[in-house]
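So this block is coords.cif, mmCIF, C-alpha atoms:
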```cif
data_target
#
loop_
_atom_site.label_atom_id
_atom_site.label_comp_id
_atom_site.auth_asym_id
_atom_site.auth_seq_id
_atom_site.Cartn_x
_atom_site.Cartn_y
_atom_site.Cartn_z
CA MET A 25 50.55 13.63 -52.93
CA ILE A 26 46.98 14.30 -54.07
CA PRO A 27 46.32 17.70 -52.44
CA PHE A 28 43.12 18.33 -50.57
CA LEU A 29 42.68 21.53 -52.59
CA ASP A 30 45.05 22.81 -55.28
CA LEU A 31 44.31 26.54 -55.47
CA LYS A 32 47.16 27.18 -57.87
CA LYS A 33 45.73 24.68 -60.34
CA ILE A 34 42.20 26.07 -59.87
CA ASN A 35 43.34 29.60 -60.74
CA GLU A 36 45.79 28.70 -63.53
CA PRO A 37 43.18 28.97 -66.34
CA TYR A 38 42.53 32.58 -65.32
CA GLU A 39 46.16 33.64 -64.91
CA THR A 40 46.48 35.56 -68.19
CA ALA A 41 43.11 37.25 -67.66
CA PHE A 42 44.08 38.09 -64.06
CA ARG A 43 47.26 39.80 -65.24
CA GLU A 44 45.38 41.77 -67.89
CA LYS A 45 42.72 42.79 -65.39
CA LEU A 46 45.36 43.84 -62.85
CA LYS A 47 46.94 46.06 -65.50
CA GLU A 48 43.53 47.51 -66.35
CA VAL A 49 42.73 48.29 -62.70
CA LEU A 50 46.15 49.89 -62.19
CA GLU A 51 45.75 52.03 -65.29
CA ASN A 52 42.25 53.02 -64.25
CA GLY A 53 43.59 54.32 -60.92
CA TRP A 54 40.35 53.66 -59.01
CA TYR A 55 40.70 50.96 -56.34
CA ILE A 56 37.68 51.22 -54.02
CA LEU A 57 33.93 51.33 -54.83
CA GLY A 58 34.50 51.60 -58.57
CA LYS A 59 33.20 50.06 -61.77
CA GLU A 60 34.60 46.57 -61.14
CA LEU A 61 32.63 46.30 -57.90
CA GLN A 62 29.51 47.69 -59.56
CA THR A 63 29.87 45.14 -62.36
CA PHE A 64 30.29 42.27 -59.93
CA GLU A 65 27.42 43.35 -57.70
CA LYS A 66 25.12 43.50 -60.70
CA ALA A 67 26.33 40.16 -62.09
CA PHE A 68 26.17 38.30 -58.78
CA ALA A 69 22.72 39.70 -58.01
CA GLU A 70 21.54 38.44 -61.38
CA TYR A 71 23.19 35.07 -60.80
CA CYS A 72 21.44 34.72 -57.43
CA GLN A 73 18.19 36.13 -58.88
CA THR A 74 18.10 38.92 -56.35
CA LYS A 75 17.65 42.67 -56.70
CA TYR A 76 20.63 43.74 -54.63
CA CYS A 77 24.18 42.59 -53.97
CA ILE A 78 26.40 44.45 -51.52
CA GLY A 79 30.10 43.61 -51.80
CA VAL A 80 31.91 43.57 -48.45
CA GLY A 81 35.33 42.74 -47.05
CA ASN A 82 34.68 39.08 -46.17
CA GLY A 83 31.98 36.59 -45.31
CA PHE A 84 32.21 37.26 -41.58
CA ASP A 85 31.58 40.97 -42.12
CA ALA A 86 28.64 40.06 -44.36
CA LEU A 87 26.94 38.31 -41.45
CA VAL A 88 27.78 41.00 -38.91
CA LEU A 89 26.51 43.77 -41.18
CA ILE A 90 23.22 41.98 -41.83
CA PHE A 91 22.56 41.78 -38.09
CA LYS A 92 23.63 45.39 -37.55
CA ALA A 93 21.39 46.55 -40.40
CA TYR A 94 18.41 44.80 -38.83
CA ILE A 95 19.24 46.53 -35.55
CA GLU A 96 19.32 49.90 -37.32
CA LEU A 97 15.93 49.12 -38.87
CA GLY A 98 14.47 48.21 -35.49
CA LYS A 99 13.83 44.56 -36.39
CA LEU A 100 16.44 43.43 -33.88
CA LYS A 101 17.93 45.00 -30.78
CA LYS A 102 21.09 44.32 -28.84
CA GLY A 103 20.64 41.38 -26.47
CA ASP A 104 18.13 39.55 -28.67
CA GLU A 105 18.61 35.82 -29.05
CA VAL A 106 19.54 34.23 -32.39
CA ILE A 107 19.05 30.52 -33.04
CA VAL A 108 22.19 29.08 -34.69
CA PRO A 109 23.45 25.55 -35.43
CA ALA A 110 25.71 24.06 -32.77
CA ASN A 111 27.51 22.33 -35.65
CA THR A 112 29.00 25.14 -37.70
CA TYR A 113 32.24 26.98 -38.28
CA ILE A 114 32.81 29.34 -35.38
CA ALA A 115 32.45 32.43 -37.60
CA SER A 116 28.67 31.99 -37.66
CA ILE A 117 28.55 32.33 -33.89
CA LEU A 118 31.20 35.05 -33.66
CA ALA A 119 29.16 37.20 -36.06
CA ILE A 120 26.15 37.05 -33.75
CA LEU A 121 28.29 38.07 -30.79
CA GLN A 122 29.99 40.84 -32.79
CA ALA A 123 26.55 42.38 -33.36
CA ASP A 124 25.84 42.29 -29.60
CA LEU A 125 23.27 39.53 -29.99
CA VAL A 126 23.04 36.25 -28.08
CA PRO A 127 23.63 32.92 -29.87
CA VAL A 128 21.44 29.98 -28.87
CA LEU A 129 22.83 26.66 -30.10
CA VAL A 130 20.66 23.95 -31.65
CA GLU A 131 21.78 20.43 -32.55
CA PRO A 132 22.04 19.31 -36.20
CA LYS A 133 20.69 16.23 -37.91
CA LEU A 134 23.38 13.57 -37.95
CA GLU A 135 22.59 12.70 -41.59
CA THR A 136 22.81 16.21 -43.07
CA TYR A 137 25.06 17.99 -40.51
CA ASN A 138 22.68 20.98 -40.82
CA ILE A 139 20.45 22.39 -38.07
CA ASN A 140 17.53 20.16 -37.07
CA PRO A 141 14.36 22.24 -37.57
CA ASP A 142 12.42 19.90 -35.27
CA LEU A 143 14.56 21.06 -32.33
CA ILE A 144 14.36 24.80 -32.97
CA GLN A 145 11.04 25.48 -31.26
CA GLN A 146 12.36 23.99 -28.01
CA LYS A 147 14.93 26.79 -27.84
CA ILE A 148 12.61 29.70 -28.67
CA THR A 149 11.96 32.14 -25.82
CA SER A 150 10.48 35.61 -25.58
CA LYS A 151 13.96 36.94 -26.39
CA THR A 152 14.34 34.93 -29.61
CA LYS A 153 14.16 37.26 -32.60
CA ALA A 154 16.12 35.57 -35.40
CA ILE A 155 17.35 32.30 -36.90
CA LEU A 156 20.71 32.00 -38.61
CA ALA A 157 20.59 29.07 -41.01
CA VAL A 158 23.95 27.71 -42.18
CA HIS A 159 24.21 25.69 -45.40
CA LEU A 160 27.17 23.64 -44.26
CA TYR A 161 29.53 21.95 -46.74
CA GLY A 162 27.32 23.10 -49.66
CA GLN A 163 24.21 21.16 -48.51
CA LEU A 164 21.11 23.33 -48.16
CA ALA A 165 19.38 23.55 -44.80
CA GLU A 166 15.67 22.68 -44.55
CA MET A 167 14.42 26.18 -45.27
CA ASP A 168 10.72 25.32 -45.67
CA LYS A 169 10.56 24.15 -42.07
CA ILE A 170 12.81 26.95 -40.82
CA ASN A 171 10.73 29.60 -42.58
CA SER A 172 7.49 28.13 -41.24
CA ILE A 173 8.85 28.38 -37.70
CA ALA A 174 10.05 31.93 -38.37
CA GLU A 175 6.61 32.83 -39.71
CA LYS A 176 4.90 31.37 -36.66
CA TYR A 177 7.10 33.25 -34.18
CA ASN A 178 7.72 36.38 -36.28
CA LEU A 179 11.47 35.82 -36.48
CA VAL A 180 14.05 37.28 -38.85
CA VAL A 181 15.79 34.68 -41.03
CA VAL A 182 19.44 35.19 -42.03
CA GLU A 183 21.40 32.68 -44.09
CA ASP A 184 25.09 31.84 -43.98
CA CYS A 185 25.84 30.77 -47.55
CA ALA A 186 29.64 30.90 -47.26
CA GLN A 187 29.91 27.30 -48.47
CA ALA A 188 26.97 27.02 -50.87
CA HIS A 189 27.49 29.36 -53.83
CA GLY A 190 25.12 28.35 -56.61
CA ALA A 191 23.20 25.71 -54.66
CA LYS A 192 19.56 25.30 -55.64
CA GLY A 193 16.49 23.92 -53.95
CA ASN A 194 12.73 23.61 -54.24
CA PHE A 195 11.16 25.62 -51.45
CA LYS A 196 7.81 27.16 -50.73
CA PHE A 197 8.84 30.63 -49.74
CA GLN A 198 7.07 32.53 -47.01
CA SER A 199 5.70 35.99 -47.74
CA ARG A 200 7.58 37.59 -44.83
CA ASN A 201 10.90 36.91 -46.52
CA LEU A 202 10.11 38.66 -49.76
CA GLY A 203 11.59 42.00 -50.70
CA VAL A 204 9.15 44.89 -50.60
CA ASN A 205 8.90 45.08 -54.38
CA SER A 206 9.44 41.42 -55.20
CA LYS A 207 8.23 40.38 -58.62
CA PHE A 208 7.73 36.79 -57.47
CA GLN A 209 4.30 35.51 -56.47
CA LEU A 210 3.75 34.65 -52.83
CA GLU A 211 3.66 30.96 -51.94
CA GLU A 212 4.86 29.98 -55.42
CA ARG A 213 7.00 26.86 -55.42
CA ILE A 214 10.02 27.75 -57.51
CA LYS A 215 13.53 26.54 -58.12
CA SER A 216 16.14 29.20 -57.56
CA LYS A 217 19.75 29.67 -56.62
CA THR A 218 20.36 29.85 -52.88
CA TYR A 219 16.97 31.07 -51.78
CA ASN A 220 16.73 34.29 -53.70
CA LEU A 221 13.63 35.36 -51.80
CA LYS A 222 15.09 35.35 -48.32
CA SER A 223 15.66 38.44 -46.22
CA ALA A 224 19.45 38.44 -46.49
CA ILE A 225 22.14 35.95 -47.41
CA ALA A 226 25.85 36.21 -46.55
CA TYR A 227 28.55 34.91 -48.90
CA SER A 228 32.28 34.44 -48.51
CA PHE A 229 34.75 34.57 -51.40
CA TYR A 230 37.69 33.25 -49.40
CA PRO A 231 40.12 31.64 -51.89
CA GLY A 232 39.06 28.07 -51.09
CA LYS A 233 35.34 28.64 -51.68
CA ASN A 234 33.47 27.40 -54.75
CA LEU A 235 33.69 31.01 -55.96
CA GLY A 236 36.92 32.32 -54.48
CA CYS A 237 38.94 35.47 -55.05
CA LEU A 238 42.68 35.92 -54.44
CA GLY A 239 42.28 37.28 -50.94
CA ASP A 240 39.40 38.04 -48.61
CA GLY A 241 36.03 39.02 -49.99
CA GLY A 242 32.33 38.70 -49.28
CA ALA A 243 28.86 39.83 -50.29
CA ILE A 244 25.27 40.12 -49.14
CA THR A 245 22.27 39.50 -51.38
CA THR A 246 18.70 40.60 -50.69
CA ASN A 247 15.47 41.73 -52.31
CA ASP A 248 14.73 44.14 -49.48
CA GLU A 249 15.37 47.68 -50.74
CA GLU A 250 15.31 49.23 -47.27
CA LEU A 251 17.77 46.68 -45.91
CA ALA A 252 20.07 47.07 -48.91
CA LYS A 253 20.18 50.84 -48.51
CA VAL A 254 21.31 50.51 -44.89
CA LEU A 255 23.90 47.86 -45.83
CA TYR A 256 25.43 50.01 -48.58
CA SER A 257 25.97 52.69 -45.94
CA LEU A 258 27.12 50.46 -43.09
CA ARG A 259 29.93 48.91 -45.14
CA ASN A 260 31.27 52.42 -45.89
CA TYR A 261 31.53 54.05 -42.45
CA GLY A 262 27.75 54.45 -42.27
CA SER A 263 27.89 56.95 -45.11
CA GLU A 264 25.63 57.18 -48.15
CA LYS A 265 27.05 60.56 -49.16
CA LYS A 266 30.77 61.13 -48.67
CA TYR A 267 31.61 62.78 -45.32
CA TYR A 268 27.97 62.55 -44.17
CA ASN A 269 27.42 59.62 -41.80
CA ASP A 270 23.93 58.35 -41.01
CA TYR A 271 25.00 55.28 -39.02
CA ILE A 272 27.89 54.05 -36.91
CA GLY A 273 29.34 51.99 -39.73
CA VAL A 274 32.52 50.10 -40.51
CA ASN A 275 35.08 49.90 -43.30
CA SER A 276 34.24 46.66 -45.11
CA ARG A 277 34.27 47.02 -48.90
CA LEU A 278 35.02 44.45 -51.56
CA ASP A 279 37.95 46.10 -53.33
CA GLU A 280 38.18 46.68 -57.07
CA LEU A 281 40.89 44.10 -57.71
CA GLN A 282 39.10 41.24 -55.94
CA ALA A 283 35.83 42.23 -57.62
CA ALA A 284 37.62 42.18 -60.98
CA PHE A 285 38.95 38.67 -60.34
CA LEU A 286 35.49 37.49 -59.26
CA ASN A 287 34.01 38.94 -62.45
CA LEU A 288 36.35 36.66 -64.40
CA LYS A 289 35.53 33.55 -62.38
CA LEU A 290 31.76 33.89 -61.89
CA PRO A 291 30.83 32.64 -65.41
CA SER A 292 32.51 29.30 -64.62
CA LEU A 293 30.80 28.73 -61.26
CA ASN A 294 27.97 26.53 -62.54
CA ALA A 295 30.36 24.34 -64.54
CA ASP A 296 32.72 24.05 -61.57
CA ASN A 297 29.83 23.05 -59.30
CA GLU A 298 28.75 20.42 -61.80
CA LYS A 299 32.26 18.97 -61.77
CA ARG A 300 32.06 18.77 -57.98
CA ARG A 301 28.73 16.94 -58.19
CA THR A 302 30.18 14.51 -60.73
CA ILE A 303 33.04 13.69 -58.36
CA ALA A 304 30.60 13.36 -55.46
CA LYS A 305 28.49 10.87 -57.44
CA ARG A 306 31.62 8.77 -58.05
CA TYR A 307 32.50 8.83 -54.37
CA LEU A 308 28.93 7.98 -53.32
CA THR A 309 28.50 5.08 -55.71
CA ALA A 310 31.99 3.56 -55.64
CA ILE A 311 33.18 3.91 -52.02
CA LYS A 312 32.10 0.68 -50.36
CA ASN A 313 33.57 0.25 -46.92
CA ASP A 314 31.57 -0.51 -43.77
CA LYS A 315 33.99 1.58 -41.72
CA ILE A 316 33.14 4.73 -43.70
CA ILE A 317 29.86 6.69 -43.51
CA LEU A 318 29.19 8.67 -46.67
CA PRO A 319 27.42 12.05 -46.68
CA PHE A 320 23.68 12.37 -47.24
CA TRP A 321 22.54 14.09 -50.44
CA ASP A 322 18.96 15.36 -50.70
CA LEU A 323 18.49 14.86 -54.43
CA SER A 324 15.66 17.43 -54.55
CA HIS A 325 18.34 20.06 -53.81
CA ASN A 326 21.37 20.88 -55.90
CA HIS A 327 24.16 20.22 -53.37
CA VAL A 328 27.33 22.01 -54.55
CA PHE A 329 29.78 19.94 -52.46
CA HIS A 330 32.06 22.67 -51.22
CA LEU A 331 33.32 19.80 -49.09
CA PHE A 332 32.85 16.03 -49.34
CA VAL A 333 32.73 14.96 -45.72
CA ILE A 334 32.80 11.33 -44.60
CA ARG A 335 32.63 9.96 -41.06
CA THR A 336 34.49 7.16 -39.36
CA GLU A 337 34.95 6.06 -35.75
CA ASN A 338 38.74 5.93 -36.12
CA ARG A 339 39.34 9.20 -37.91
CA ASP A 340 42.97 9.72 -36.94
CA ASP A 341 43.84 6.23 -38.08
CA LEU A 342 42.05 6.72 -41.41
CA GLN A 343 43.65 10.11 -41.97
CA ASP A 344 47.11 8.68 -41.27
CA TYR A 345 46.39 5.76 -43.62
CA LEU A 346 45.34 8.11 -46.42
CA ALA A 347 48.39 10.33 -45.88
CA ARG A 348 50.67 7.27 -46.13
CA ASN A 349 48.96 6.57 -49.44
CA THR A 350 49.61 10.12 -50.72
CA ILE A 351 46.06 11.45 -50.16
CA GLN A 352 45.75 14.71 -48.24
CA THR A 353 42.62 15.26 -46.14
CA VAL A 354 41.38 17.97 -43.77
CA ILE A 355 39.15 17.91 -40.69
CA HIS A 356 36.20 20.33 -40.85
CA TYR A 357 36.15 20.89 -37.88
CA PRO A 358 38.11 19.19 -35.07
CA VAL A 359 36.62 21.14 -32.13
CA PRO A 360 32.94 22.16 -31.89
CA PRO A 361 32.28 25.82 -31.03
CA HIS A 362 30.92 25.07 -27.54
CA LYS A 363 34.19 23.29 -26.65
CA GLN A 364 36.46 26.10 -27.81
CA LYS A 365 38.58 27.87 -25.19
CA ALA A 366 37.10 31.19 -26.34
CA PHE A 367 33.69 30.04 -25.09
CA GLY A 368 34.71 28.85 -21.67
CA GLU A 369 31.21 29.43 -20.29
CA TRP A 370 29.89 26.83 -22.77
CA ASN A 371 32.53 24.16 -22.24
CA ASN A 372 30.33 22.13 -19.87
CA LEU A 373 27.36 22.11 -22.26
CA SER A 374 26.48 18.84 -23.95
CA PHE A 375 25.59 18.62 -27.64
CA PRO A 376 26.21 14.91 -28.30
CA ILE A 377 25.33 14.90 -32.00
CA THR A 378 27.54 17.91 -32.68
CA GLU A 379 30.36 16.35 -30.68
CA LYS A 380 30.01 13.04 -32.52
CA ILE A 381 30.24 14.85 -35.87
CA HIS A 382 33.32 16.81 -34.86
CA ASN A 383 35.00 13.65 -33.58
CA GLU A 384 34.35 11.63 -36.74
CA VAL A 385 34.32 13.87 -39.83
CA LEU A 386 37.05 13.85 -42.46
CA SER A 387 37.00 15.85 -45.70
CA LEU A 388 38.23 14.12 -48.84
CA PRO A 389 39.85 15.96 -51.76
CA MET A 390 37.12 17.83 -53.65
CA SER A 391 37.59 20.43 -56.36
CA PRO A 392 36.79 20.99 -60.04
CA VAL A 393 40.40 20.22 -61.00
CA LEU A 394 40.52 16.78 -59.40
CA THR A 395 41.19 14.26 -62.18
CA GLU A 396 39.33 11.01 -62.85
CA THR A 397 42.53 9.10 -62.17
CA GLU A 398 42.94 10.79 -58.80
CA VAL A 399 39.31 10.10 -57.88
CA ASP A 400 39.68 6.46 -58.88
CA PHE A 401 42.83 6.16 -56.76
CA ILE A 402 41.16 7.76 -53.72
CA ILE A 403 38.22 5.35 -54.01
CA GLU A 404 40.53 2.37 -54.38
CA ILE A 405 42.56 3.28 -51.30
CA LEU A 406 39.44 3.95 -49.21
CA ASN A 407 37.93 0.61 -50.19
CA LYS A 408 41.12 -1.16 -49.06
CA TYR A 409 41.06 0.48 -45.62
#
```

Is it possible to express this structure as structure tokens?
Amino acid sequence: MIPFLDLKKINEPYETAFREKLKEVLENGWYILGKELQTFEKAFAEYCQTKYCIGVGNGFDALVLIFKAYIELGKLKKGDEVIVPANTYIASILAILQADLVPVLVEPKLETYNINPDLIQQKITSKTKAILAVHLYGQLAEMDKINSIAEKYNLVVVEDCAQAHGAKGNFKFQSRNLGVNSKFQLEERIKSKTYNLKSAIAYSFYPGKNLGCLGDGGAITTNDEELAKVLYSLRNYGSEKKYYNDYIGVNSRLDELQAAFLNLKLPSLNADNEKRRTIAKRYLTAIKNDKIILPFWDLSHNHVFHLFVIRTENRDDLQDYLARNTIQTVIHYPVPPHKQKAFGEWNNLSFPITEKIHNEVLSLPMSPVLTETEVDFIIEILNKY
């Protein structure tokens, strides 16, 4: 069987270093908010070309804390509406609800699977105060258009980058999204990793991500000094100074061991992403089957292919066929958020593009350890379907 994702094989090159680092952390005797976290926060901030990185417990907490920080700063208030893609993993929506905000769903583009900026303005009301952009599957959302809308309506922009570590794009950044002391010129068209000039970006380091630890982990990056200061406190019970609490915070800290593992893996992220793109190019050029719709790739952006997602009208049949031919696949995601039992009040809503996507998508094996022989075999079997 060709596994969809072989985490053991992905982490094997680091195994000796992991064991040495574990020994070092144990001998150091400091397990929370120590030097390993400080090292990672500095390194990941530099990698993302941002001033601040705040390590947190997981990607979900990263989103929730961003919203709560904006509430503390008075830029949002409970009950405000947040525009969010209808086609996303449910965590994006749950984070909005967890912060006592109201999600407003917007359809994606069928080609990119990301939110359709042309439909956002239709959903804006007097209660709309933020947009949550999700860079699904490693493909960047259309941030120029999203930021222009945010500028026009004075909205906060938050980005869910749980699946797009290291992605790059050419964007004309809006001045409202710059940190207070940003060294970058306003309106300058630059190329940077994952929108380094945005207000706040949430990352997940779940083991299966392009940059994954050996458990749960997450981070927030920003150039906004005021926002970062609140976030550092919120993740640690709302405390900047021990036993003195300025906010009603939570316990969500990236622990020393996971930070240490991430420090070892971060230097390989660009090379791993390039391997993913190489595999994606093979899939895109060699899969030739009228029954299979291949993903769109905006070549002006550096898609990192966290997932390689195809579509077909007979997904279950194709998945069974691939399994019989020793190829494991996964569906991301079988049920759209508005059809989930948890959101019973939304079950009668109609988002036909989102529903079509969720009924047809199938994720092929994609990882930096997938071999050329395996890729060739997957292509051959797909072309015979």

* Asked: Between A:Ala123, A:Ala41, A:Ala115, A:Leu134, which one has atoms that come closest to Asn287 in chain A, using all atoms listed in the file?
  ->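 Checking each candidate against Asn287 in chain A, we get A:Ala41 as the closest.
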
* To do: For the file shown, report as a PyMOL selection string the outcome of the PyMOL selection byres ((chain A and resi 307) around 9) at residue level.
  => chain A and resi 302-306+308-311+318+332+399-400+402-403

* Which polymer residues have any atom within 8 Å of an atom of Leu160 in chain A, counting all atoms listed in the file, with same-chain residues fewer than 6 positions away left out, as an NGL selection string? -> :A and (112 or 137-138 or 185 or 187-188)

* Asked: If we count all atoms listed in the file, what is near Lys92 in chain A at a cut-off of 12 Å, once residues fewer than 3 positions away on the same chain are taken out, given as a PyMOL selection string?
  -> chain A and resi 85-89+95-102+104+119-125+182+251+254-255+257-259+262+271-274

* Asked: Which value, in Å to one decimal, gives the distance between CA of Ala110 in chain A and CA of Lys147 in chain A?
  ->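 Straight-line distance from CA of Ala110 in chain A to CA of Lys147 in chain A works out to 12.2 Å.
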
* Determine the nearest neighbour of Met390 in chain A from the options A:Gly162, A:Pro376, A:Pro109, A:Pro127, counting all atoms listed in the file. =>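 Of A:Gly162, A:Pro376, A:Pro109, A:Pro127, the one nearest Met390 in chain A is A:Gly162, counting all atoms listed in the file.
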
* Find the spatial neighbours of Thr74 in chain A, counting all atoms listed in the file, within a cut-off of 7 Å - ignore same-chain residues fewer than 2 positions away - and output them as a PyMOL selection string. => chain A and resi 69-70+72+76+220+245-247

* Go ahead and find all residues with at least one atom no further than 10 Å from (40.8, 0.3, -48.3) in the file's coordinates, using only C-alpha atoms; report them as a PyMOL selection string. => chain A and resi 311-313+315-316+342+345-346+402-409

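One distance worth recording is that between CA of Pro392 in chain A and CA of Ser116 in chain A, which is 26.2 Å.
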
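A straight line drawn from CA of Pro27 in chain A to CA of Val393 in chain A is 10.7 Å long.
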